Structure formats: structure tokens, C-alpha cells
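Novice: Provided herewith: coords-v6.txt, compact mmCIF, C-alpha atoms.
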```txt
# COMPACT_ATOMS: atom_id res chain seq x y z
CA MET A 162 33.56 -41.90 136.22
CA GLN A 163 33.15 -38.79 134.17
CA LYS A 164 33.33 -37.94 130.52
CA ILE A 165 35.24 -34.72 130.11
CA PRO A 166 36.47 -32.59 127.23
CA LEU A 167 40.20 -33.12 126.72
CA SER A 168 40.78 -29.46 127.56
CA TYR A 169 39.82 -30.26 131.16
CA ALA A 170 42.32 -33.09 131.46
CA LYS A 171 45.03 -32.68 134.08
CA PRO A 172 47.96 -34.81 135.23
CA ALA A 173 47.12 -37.38 137.91
CA MET A 174 43.65 -37.99 136.50
CA VAL A 175 43.24 -41.68 135.69
CA LEU A 176 41.55 -43.04 132.61
CA ALA A 177 38.39 -44.99 133.44
CA LYS A 178 38.03 -46.15 129.88
CA PRO A 179 40.69 -46.78 127.26
CA VAL A 180 41.18 -44.29 124.46
CA THR A 181 40.57 -46.12 121.23
CA ARG A 182 40.71 -45.47 117.53
CA ASN A 183 37.51 -45.72 115.52
CA ASP A 184 38.30 -49.29 114.60
CA GLY A 185 38.61 -50.24 118.24
CA THR A 186 42.41 -50.34 118.55
CA VAL A 187 43.43 -49.27 122.01
CA LEU A 188 45.70 -46.25 121.93
CA ILE A 189 45.98 -45.61 125.64
CA GLY A 190 44.86 -48.19 128.14
CA GLN A 191 42.31 -48.01 130.90
CA ASP A 192 43.73 -47.09 134.32
CA THR A 193 46.56 -45.08 132.77
CA GLU A 194 47.45 -42.11 134.93
CA LEU A 195 47.59 -38.96 132.83
CA SER A 196 50.74 -36.94 132.53
CA ASN A 197 51.41 -33.78 130.56
CA SER A 198 53.07 -35.77 127.80
CA ILE A 199 50.13 -38.17 127.54
CA ILE A 200 47.70 -35.27 127.41
CA ASN A 201 49.75 -33.65 124.67
CA ARG A 202 49.78 -36.92 122.77
CA LEU A 203 45.97 -37.12 123.04
CA GLU A 204 45.71 -33.59 121.65
CA ARG A 205 47.89 -34.48 118.70
CA MET A 206 45.70 -37.51 118.04
CA ASP A 207 42.66 -35.21 117.82
CA ILE A 208 40.92 -36.85 120.74
CA ASN A 209 38.15 -34.57 122.02
CA GLU A 210 36.84 -36.36 125.08
CA ILE A 211 38.11 -38.85 127.62
CA VAL A 212 36.50 -40.76 130.46
CA VAL A 213 38.27 -40.43 133.80
CA GLN A 214 37.83 -42.04 137.18
CA GLY A 215 35.90 -40.23 139.88
CA GLU A 216 34.48 -36.79 139.18
CA PRO A 217 37.41 -34.42 139.20
CA VAL A 218 35.76 -31.74 137.07
CA GLU A 219 32.80 -29.55 137.74
CA LEU A 220 30.90 -29.48 134.49
CA ASP A 221 28.08 -27.09 133.66
CA ASN A 222 26.11 -29.20 131.26
CA ASP A 223 25.70 -32.59 132.73
CA SER A 224 25.08 -34.99 129.91
CA ALA A 225 22.57 -37.64 130.80
CA GLY A 226 23.01 -38.96 134.27
CA GLY A 227 26.77 -39.00 134.53
CA SER A 228 27.63 -36.67 137.30
CA PHE A 229 26.89 -38.05 140.71
CA GLY A 230 27.76 -34.68 142.19
CA LYS A 231 24.88 -33.20 140.28
CA ARG A 232 22.60 -36.03 141.41
CA LEU A 233 23.44 -35.20 145.00
CA GLN A 234 22.51 -31.59 144.48
CA ARG A 235 19.21 -32.49 142.91
CA ILE A 236 18.08 -35.23 145.24
CA ASP A 237 16.16 -33.05 147.71
CA HIS A 238 14.29 -31.41 144.88
CA LEU A 239 13.46 -34.71 143.20
CA PHE A 240 12.12 -36.25 146.39
CA ARG A 241 10.11 -33.18 147.42
CA LYS A 242 6.74 -34.86 147.13
CA HIS A 243 7.71 -37.71 149.42
CA GLY A 244 8.67 -35.92 152.61
CA SER A 245 6.28 -37.82 154.81
CA ASP A 246 6.73 -41.27 153.35
CA GLU A 247 9.00 -43.47 155.40
CA TRP A 248 9.93 -45.83 152.60
CA MET A 249 10.79 -43.04 150.17
CA GLN A 250 12.89 -41.34 152.81
CA GLN A 251 14.76 -44.60 153.34
CA LEU A 252 15.31 -44.86 149.63
CA LYS A 253 16.45 -41.25 149.51
CA GLN A 254 18.96 -41.87 152.23
CA PHE A 255 20.35 -44.91 150.50
CA LEU A 256 20.66 -43.02 147.24
CA THR A 257 22.29 -40.03 148.91
CA GLU A 258 24.92 -42.28 150.45
CA TYR A 259 25.39 -44.07 147.17
CA PHE A 260 25.96 -40.85 145.22
CA LYS A 261 28.29 -39.55 147.90
CA SER A 262 30.37 -42.71 147.78
CA ARG A 263 30.73 -42.42 144.03
CA THR A 264 31.92 -38.84 144.06
CA LEU A 265 34.87 -39.52 146.28
CA MET B 291 -16.31 -37.89 133.89
CA GLN B 292 -17.34 -41.03 132.01
CA ASP B 293 -18.70 -39.04 129.07
CA LEU B 294 -15.68 -36.80 129.02
CA GLN B 295 -13.45 -39.84 129.04
CA THR B 296 -15.31 -41.41 126.16
CA GLU B 297 -15.11 -38.20 124.22
CA HIS B 298 -11.39 -37.88 124.80
CA LYS B 299 -10.83 -41.48 123.98
CA GLY B 300 -12.64 -40.98 120.71
CA GLN B 301 -10.49 -38.00 119.89
CA ILE B 302 -7.33 -39.78 120.80
CA LEU B 303 -8.11 -42.72 118.61
CA ALA B 304 -9.25 -40.67 115.61
CA VAL B 305 -7.32 -42.82 113.27
CA LYS B 306 -6.63 -40.43 110.48
CA ASP B 307 -4.64 -38.20 112.78
CA LEU B 308 -2.70 -40.84 114.64
CA PRO B 309 0.99 -40.82 113.94
CA THR B 310 1.41 -42.56 110.63
CA LEU B 311 2.86 -45.88 111.32
CA PRO B 312 4.59 -47.38 108.36
CA ILE B 313 2.42 -49.61 106.23
CA VAL B 314 4.93 -52.38 106.82
CA LEU B 315 3.67 -52.76 110.40
CA ASP B 316 0.26 -53.70 109.14
CA GLU B 317 1.74 -56.13 106.66
CA ILE B 318 3.94 -57.65 109.33
CA SER B 319 1.01 -58.05 111.69
CA LYS B 320 -0.89 -59.89 108.98
CA LEU B 321 2.10 -62.08 108.24
CA LEU B 322 2.57 -62.88 111.89
CA GLU B 323 -0.89 -64.32 112.10
CA ASP B 324 0.64 -67.19 110.17
CA GLU B 325 2.79 -68.90 112.77
CA ASN B 326 5.24 -70.12 110.17
CA ALA B 327 6.29 -66.63 109.14
CA SER B 328 10.05 -66.65 108.92
CA PRO B 329 12.49 -63.88 109.72
CA GLU B 330 13.32 -63.78 106.00
CA GLN B 331 9.75 -63.05 105.05
CA VAL B 332 9.39 -60.33 107.64
CA ALA B 333 12.75 -58.84 106.77
CA LYS B 334 11.74 -58.69 103.12
CA ILE B 335 8.68 -56.62 103.95
CA ILE B 336 10.55 -54.19 106.18
CA SER B 337 13.43 -53.83 103.77
CA ARG B 338 11.12 -52.41 101.14
CA ASP B 339 11.08 -49.23 103.21
CA GLN B 340 14.74 -48.37 103.06
CA VAL B 341 14.59 -45.24 105.16
CA LEU B 342 12.77 -47.09 107.89
CA SER B 343 15.18 -50.01 107.71
CA ALA B 344 18.12 -47.67 108.08
CA LYS B 345 16.56 -46.01 111.11
CA VAL B 346 15.80 -49.33 112.75
CA LEU B 347 19.31 -50.60 112.10
CA LYS B 348 20.74 -47.47 113.61
CA MET B 349 18.76 -48.08 116.78
CA VAL B 350 19.65 -51.76 116.80
CA ASN B 351 23.33 -50.86 116.65
CA SER B 352 23.02 -48.27 119.39
CA PRO B 353 24.22 -48.61 122.98
CA ILE B 354 20.67 -49.43 123.98
CA TYR B 355 21.26 -52.95 122.74
CA GLY B 356 25.01 -52.96 123.03
CA PHE B 357 25.87 -55.72 120.61
CA PRO B 358 29.59 -56.15 120.21
CA ARG B 359 29.44 -56.47 116.43
CA ARG B 360 27.65 -54.35 113.91
CA ILE B 361 24.30 -55.67 112.71
CA ASN B 362 23.98 -54.91 109.03
CA THR B 363 20.71 -56.40 107.90
CA ILE B 364 17.15 -56.34 109.13
CA GLN B 365 17.07 -60.10 108.91
CA HIS B 366 20.02 -60.44 111.22
CA ALA B 367 18.40 -57.93 113.56
CA ILE B 368 15.23 -59.98 113.63
CA VAL B 369 17.14 -63.16 114.37
CA LEU B 370 19.10 -61.52 117.17
CA LEU B 371 16.39 -59.41 118.72
CA GLY B 372 13.15 -61.06 117.77
CA LEU B 373 10.11 -59.68 116.05
CA ASN B 374 8.60 -58.01 119.08
CA VAL B 375 11.64 -55.86 119.54
CA ILE B 376 11.85 -54.95 115.87
CA ARG B 377 8.17 -54.03 115.81
CA GLY B 378 8.67 -51.87 118.87
CA LEU B 379 11.63 -50.16 117.27
CA ILE B 380 9.63 -49.49 114.11
CA ILE B 381 6.96 -47.76 116.15
CA SER B 382 9.31 -45.77 118.24
CA THR B 383 11.42 -44.54 115.33
CA SER B 384 8.23 -43.61 113.51
CA VAL B 385 7.08 -41.34 116.28
CA PHE B 386 10.52 -39.97 117.00
CA GLU B 387 10.07 -36.79 115.00
CA ILE B 388 6.71 -35.98 116.49
CA MET B 389 7.96 -36.86 119.93
CA THR B 390 10.88 -34.49 119.77
CA LYS B 391 8.67 -31.69 118.50
CA SER B 392 5.83 -32.18 120.94
CA MET B 393 7.67 -32.80 124.17
CA ILE B 394 11.20 -31.72 124.72
CA GLY B 395 13.31 -34.31 126.43
CA LEU B 396 10.77 -37.11 126.05
CA TRP B 397 12.84 -39.04 123.52
CA GLU B 398 15.91 -38.90 125.74
CA HIS B 399 13.79 -39.96 128.71
CA SER B 400 12.42 -42.89 126.69
CA VAL B 401 15.90 -43.97 125.68
CA GLY B 402 17.03 -43.60 129.28
CA CYS B 403 14.17 -45.78 130.43
CA ALA B 404 14.95 -48.37 127.76
CA ILE B 405 18.52 -48.66 128.98
CA ALA B 406 17.46 -48.84 132.62
CA CYS B 407 14.99 -51.61 131.77
CA LYS B 408 17.67 -53.54 129.93
CA ILE B 409 20.10 -53.30 132.83
CA LEU B 410 17.39 -54.25 135.31
CA ALA B 411 16.38 -57.24 133.22
CA LYS B 412 20.00 -58.39 133.09
CA GLU B 413 20.53 -57.95 136.82
CA ILE B 414 17.35 -59.88 137.57
CA GLY B 415 18.43 -62.60 135.16
CA PHE B 416 15.88 -62.44 132.39
CA LYS B 417 16.91 -64.07 129.14
CA GLU B 418 15.44 -61.37 126.92
CA PRO B 419 16.64 -57.99 128.16
CA GLU B 420 15.99 -56.52 124.70
CA GLU B 421 12.27 -57.14 125.07
CA PHE B 422 12.30 -55.19 128.30
CA ALA B 423 14.36 -52.46 126.67
CA VAL B 424 11.90 -51.90 123.86
CA THR B 425 9.02 -51.80 126.33
CA GLY B 426 10.87 -49.09 128.22
CA LEU B 427 11.41 -47.25 124.96
CA LEU B 428 7.67 -47.17 124.32
CA HIS B 429 6.42 -46.51 127.85
CA ASP B 430 5.48 -42.87 127.31
CA ILE B 431 4.14 -43.09 123.80
CA GLY B 432 0.69 -42.20 125.05
CA LYS B 433 1.98 -38.74 125.90
CA VAL B 434 2.92 -38.12 122.28
CA VAL B 435 -0.48 -39.13 121.02
CA ILE B 436 -2.29 -37.03 123.64
CA SER B 437 -0.15 -34.14 122.58
CA ILE B 438 -1.10 -34.45 118.91
CA GLN B 439 -4.74 -35.33 119.32
CA LEU B 440 -5.57 -33.05 122.24
CA PRO B 441 -3.11 -30.17 121.99
CA GLU B 442 -5.10 -27.77 124.14
CA ILE B 443 -5.38 -30.26 126.94
CA LYS B 444 -1.70 -30.95 126.65
CA ASN B 445 -1.01 -27.24 127.12
CA ASN B 446 -3.23 -27.23 130.19
CA ILE B 447 -1.38 -30.21 131.59
CA GLU B 448 1.96 -28.48 131.15
CA SER B 449 0.53 -25.35 132.70
CA GLU B 450 -0.64 -27.21 135.77
CA VAL B 451 2.73 -28.88 136.14
CA GLU B 452 4.43 -25.53 136.00
CA THR B 453 2.12 -23.48 138.18
CA HIS B 454 1.04 -26.04 140.76
CA ASP B 455 4.07 -28.30 140.76
CA LEU B 456 1.92 -31.31 139.96
CA THR B 457 3.37 -34.43 138.49
CA PHE B 458 2.60 -34.80 134.80
CA PHE B 459 0.59 -37.91 135.64
CA ASP B 460 -1.59 -36.09 138.21
CA ALA B 461 -2.09 -33.18 135.84
CA GLU B 462 -3.19 -35.59 133.09
CA LYS B 463 -5.71 -37.16 135.46
CA GLN B 464 -6.94 -33.76 136.46
CA GLN B 465 -7.42 -32.61 132.88
CA MET B 466 -8.75 -35.72 131.27
CA GLY B 467 -9.84 -38.09 133.99
CA PHE B 468 -7.19 -40.56 132.86
CA ALA B 469 -3.49 -40.52 132.11
CA HIS B 470 -1.06 -41.68 129.43
CA ASP B 471 -0.92 -45.21 130.76
CA ARG B 472 -4.55 -45.66 129.75
CA VAL B 473 -3.75 -44.25 126.33
CA ASN B 474 -0.84 -46.68 126.10
CA ALA B 475 -3.29 -49.53 126.56
CA TRP B 476 -5.56 -48.23 123.78
CA LEU B 477 -2.63 -47.76 121.46
CA ALA B 478 -1.28 -51.22 122.21
CA ASP B 479 -4.64 -52.68 121.25
CA HIS B 480 -5.00 -50.47 118.20
CA TRP B 481 -1.51 -51.30 116.94
CA ASN B 482 -1.71 -54.93 117.93
CA LEU B 483 1.33 -54.85 120.14
CA PRO B 484 2.44 -58.04 121.89
CA LEU B 485 0.88 -58.60 125.28
CA THR B 486 4.20 -58.27 127.07
CA THR B 487 4.65 -54.74 125.70
CA ARG B 488 1.04 -53.90 126.28
CA GLU B 489 1.17 -54.80 129.94
CA GLY B 490 4.56 -53.14 130.38
CA ILE B 491 3.40 -49.80 129.04
CA ALA B 492 -0.18 -49.86 130.29
CA TYR B 493 0.64 -50.78 133.87
CA HIS B 494 3.94 -49.14 134.62
CA HIS B 495 2.19 -46.81 137.06
CA ARG B 496 0.24 -49.59 138.76
CA PRO B 497 2.24 -52.73 138.08
CA GLY B 498 0.27 -54.79 140.59
CA SER B 499 -2.68 -54.66 138.23
CA ALA B 500 -0.90 -56.41 135.36
CA GLN B 501 -2.59 -59.74 134.89
CA TYR B 502 -0.39 -61.63 132.47
CA TYR B 503 3.08 -60.14 132.51
CA PRO B 504 3.66 -58.29 135.78
CA ASP B 505 7.42 -58.65 135.30
CA TYR B 506 7.24 -56.23 132.39
CA ALA B 507 5.12 -53.74 134.28
CA TYR B 508 7.40 -53.87 137.32
CA VAL B 509 10.59 -53.52 135.28
CA VAL B 510 9.26 -50.46 133.46
CA HIS B 511 8.01 -49.06 136.77
CA ILE B 512 11.52 -49.25 138.22
CA GLY B 513 13.19 -48.25 134.94
CA ASP B 514 11.09 -45.08 134.73
CA PHE B 515 12.07 -44.23 138.30
CA LEU B 516 15.77 -44.69 137.54
CA ALA B 517 15.63 -42.61 134.37
CA ARG B 518 14.03 -39.80 136.34
CA LEU B 519 16.48 -40.20 139.21
CA MET B 520 19.34 -39.69 136.80
CA GLU B 521 17.34 -36.99 135.02
CA VAL B 522 17.86 -38.44 131.58
CA GLY B 523 15.78 -36.14 129.40
CA SER B 524 12.34 -35.27 130.72
CA GLY B 525 9.09 -37.13 131.28
CA GLY B 526 7.21 -33.86 131.64
CA ASP B 527 8.02 -32.91 135.21
CA ASP B 528 10.95 -33.09 137.59
CA HIS B 529 9.39 -35.17 140.31
CA LEU B 530 10.55 -38.59 141.27
CA PRO B 531 7.61 -40.94 141.01
CA TYR B 532 6.77 -43.10 143.99
CA LEU B 533 8.75 -46.30 143.73
CA LYS B 534 6.54 -49.09 144.96
CA PRO B 535 8.47 -51.23 147.44
CA GLU B 536 6.66 -54.27 146.11
CA ALA B 537 8.39 -53.65 142.78
CA LEU B 538 11.75 -54.40 144.35
CA ASN B 539 10.32 -57.25 146.40
CA HIS B 540 8.76 -58.79 143.32
CA PHE B 541 12.25 -59.45 141.98
CA GLY B 542 13.98 -59.90 145.31
CA LEU B 543 16.02 -56.78 144.65
CA GLU B 544 17.79 -55.11 147.51
CA PHE B 545 19.68 -51.87 147.84
CA LYS B 546 22.86 -53.76 147.08
CA ASN B 547 21.43 -54.72 143.68
CA LEU B 548 20.42 -51.12 143.09
CA GLU B 549 24.04 -50.11 143.57
CA ASN B 550 25.18 -52.50 140.84
CA ILE B 551 22.36 -51.36 138.62
CA LEU B 552 23.14 -47.69 139.11
CA ASP B 553 26.83 -48.28 138.48
CA SER B 554 26.08 -49.98 135.15
CA TYR B 555 23.41 -47.45 134.32
CA SER B 556 25.57 -44.39 134.81
CA GLU B 557 28.31 -45.97 132.76
CA GLU B 558 25.98 -46.74 129.87
CA LEU B 559 24.45 -43.30 129.99
CA LEU B 560 27.83 -41.85 129.15
CA GLU B 561 27.58 -43.57 125.78
CA VAL B 562 24.19 -42.36 124.72
CA SER B 563 24.10 -38.63 124.80
CA GLY B 564 22.81 -37.51 121.45
CA LEU B 565 21.40 -40.83 120.31
CA SER B 566 18.66 -40.48 117.74
CA PRO B 567 17.47 -42.51 114.81
CA THR B 568 17.91 -39.65 112.38
CA LEU B 569 20.20 -40.56 109.57
CA ASP B 570 22.36 -37.52 109.18
CA GLU B 571 24.49 -38.35 112.21
```
Starting from the file, lay out its structure as C-alpha cells.

Specialist:
Amino acid sequence: MQKIPLSYAKPAMVLAKPVTRNDGTVLIGQDTELSNSIINRLERMDINEIVVQGEPVELDNDSAGGSFGKRLQRIDHLFRKHGSDEWMQQLKQFLTEYFKSRTL
Amino acid sequence: MQDLQTEHKGQILAVKDLPTLPIVLDEISKLLEDENASPEQVAKIISRDQVLSAKVLKMVNSPIYGFPRRINTIQHAIVLLGLNVIRGLIISTSVFEIMTKSMIGLWEHSVGCAIACKILAKEIGFKEPEEFAVTGLLHDIGKVVISIQLPEIKNNIESEVETHDLTFFDAEKQQMGFAHDRVNAWLADHWNLPLTTREGIAYHHRPGSAQYYPDYAYVVHIGDFLARLMEVGSGGDDHLPYLKPEALNHFGLEFKNLENILDSYSEELLEVSGLSPTLDE
């Protein structure tokens, strides 16, 4: 899932988390598929960010951890000191597959 | 090396320069020597420092602990989280300002580690995930103290990391003969931290050496790895530390468990960007 600015929202994206008011009241439920009218409604409600399923947007600043796409890009670099260690390479492979599976 | 180490240790522990921990910590420690000390008594002491109380409450109500309802009083926080956790939070909020000035990204990394430790503890089935969380929050506190007490050495360490692509840990060892985990142990003794925390922060690089509470050391060891994997803030370098396979074996964790853990972790990380104990937010 990915937290994105509302300006990046597009129809067919699906909410991974409900949109709630400050007091916790659910305005738009989890798993709702976005449409233009829903997006407009969110704008009128002054919502700035939403959390959507998958990773449909390529964001520049990846806030802590979120983007698995970014993790995939970084994994070679992060593991660079462990090239000759069998266990770490195993771990790296597992993690690579994990990140890949989550960016689909 | 021995003499150099002693000299550095002396400098690090030069008490007058150590980050000022609130007086309340001292008072609490004294109170805790009496086994009958109640949460009310402790809460009363802490509440005298209103700014501190507010900061601690902010942290208690943060996604790190993820309580469904707002906790409004220190006493309630103590009842829910226990004294060890509150003490740990007091320390970590006290060094927050220095931490953010001395090492960029270290606070975020510490928070990231705290959350990872909490999730790990839950997955493994420990009853007190908050204790593990606060240990994760404090695991790099030695770096802050090194940075204040030995600023030139700290600059050298950062230089070595940058020019020779060393890990921060290796650069520390190179410059001082020891690293922040050793400093963590000294600080834990100096500040009278509970043994669980002490072992967690002093042995997170060599968890097999923890005598009394290896669970804490192993959880922080893995938590630190996960925080760096997800690049939450910065621990001083962008290397992944070696994850000891025995750490996973110790808890019977398999890759399948790691998947669950990473799923929960990435979800929780979405909630914490920008978390700090400062009161103007």
C-alpha cells in the first residue's frame, strides 16, 4: 500500500485504508474503488492524503519505508558488503522476491 | 588501545557534560528502590515537570505504542506501559533535541527500530511488546553521547564512513577501539536502566553475549536490521548490518514470519513520518 497526496489519485485506484474524519468517523470505506466523483468529493472535504492498494504512483520522496519499489532499487546497494556470504545472499534473494511480490 | 579506551571512557562519562536527564529520573530511581512504590507516587514525581510529562504523553499516544484510546495522564501511562517503559521514554525524549542536532536521521532510525522491535515482539508472542519497543528506541543512544563528548572523533568517524565506505560501527571501532554498544552499556549502568534494556542496547551487535536477557538483544538486533532495510532515518551509514542467522533461529522465525513482520512494519511506518516529541505539532 502507498500513501499518496490526493492530487495523485486516479480512478480505479483502490483505498487500502478508510478515509476518516478526525474523530474517527469513516467517510469513505476501505476497499472503495476511486472514481472521479469520489476524488472530487475528497477534495471538497479537504483531504490531503489517501492510502491506496499496491504502489501505483512513483513518488520522489519516499517517506519512511513505504515504497517497496524503492526498496527493490536499493537492495543491491544495501547488501554490498555481503557479496560473499551465502546466508546474506539467501536473505537478499528472499527479500527481493518479497518486495517484488508487494509491488505488483 | 587499553589506555586510549580508558581515556575515552572517562571523557564520555564526564558527568557534567552528559545530556541533562531530568531530575525526576533520579527521584524515580530512588523511589523504585522501595518495592512498594506505587504508580501514583511515581506519576506524582513526573507530573511536577509538566513539559516533560507532555512530551512523554505525546510519545505514549504515538503509533509506536498504538493504543486505541488516548492516554491522558502519566499515571494511566505507567499502569498501561509499566515503569521501565516510562523511564525509557523520559530518557529518549530528553535526548531528542541533542540527537536531532548531532546526527541527522538518528531519531527517525530509533523510532523505526522501536516499531520494528514492537512488531517482532508481537509476532514472537511476547507479552510486553512495549518493553521491547522502548529498548529499540534507546539502542543508539551511545552515538549521541559520543557525539557530544567526543565531537572530533565523531567527525572522524563520519569521515571514514564517507570516504572508505565503512559501516559506522567499524569506523567507531577504528577511531576509539570500541563502539556505541559499549557506550550503551556504560550509560545503562550510569543511569540505572533496567537489566532488560541494558542487555538489549549493549548487546544488539553481539546478541549471543547477552547473559540474562538474550531475547532483548536478539529482538533489537533484528529490529535494527529491519529499520535499516526499510531505510527509516539513518543510523550513520547506509549498509545493512549482518543479520545473524542464530537471531532468527533463537525465536524459531522463518522467512514466512519475516513476510508477516514486514507487511505490518511497512503499514505502521506509513503512520509515523514526522513523529517527534516536540510540543508544537

Novice: Taking only C-alpha atoms into account, find every residue of chain A that has an atom no more than 9 Å from chain B, and write it out as an NGL selection string.

Specialist: :A and (162-164 or 212 or 224-229 or 232 or 235-236 or 238-243 or 248-249 or 252 or 255-256 or 259 or 263)

Novice: Report, in Å to a single decimal, how far apart atom CA of B:Pro353 and atom CA of A:Ile208 are.

Specialist: 20.5 Å

Novice: Give me, please, the distance in Å between atom CA of B:Asp460 and atom CA of A:Lys253, quoted to one decimal.

Specialist: 21.9 Å

Novice: Show which residues sit within 9 Å of A:Val213, as a PyMOL selection string. Count all atoms listed in the file, and ignore same-chain residues fewer than 3 positions away.

Specialist: chain A and resi 162-165+170+174-178+192+216-217

Novice: Calculate how many Å separate atom CA of B:Val473 from atom CA of B:Ala537, rounding to one decimal.

Specialist: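 So the answer is 22.5 Å.
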
Novice: So that I can check the surroundings of stretch 429-444 of chain B, please list as a list in words every protein, DNA and RNA residue that reaches within 6 Å of it, counting only C-alpha atoms and ignoring chain neighbours fewer than 2 positions away.

Specialist: Ile302, Met389, Gly426, Leu427, Asn446, Ile447, His470, Val473, Asn474 and Ile491 of chain B

Novice: I'd like the contact shell of B:Ala333 - 9 Å cut-off, only C-alpha atoms, skipping same-chain residues fewer than 5 positions apart - returned as number ranges by chain.

Specialist: B: 328, 338, 363-368
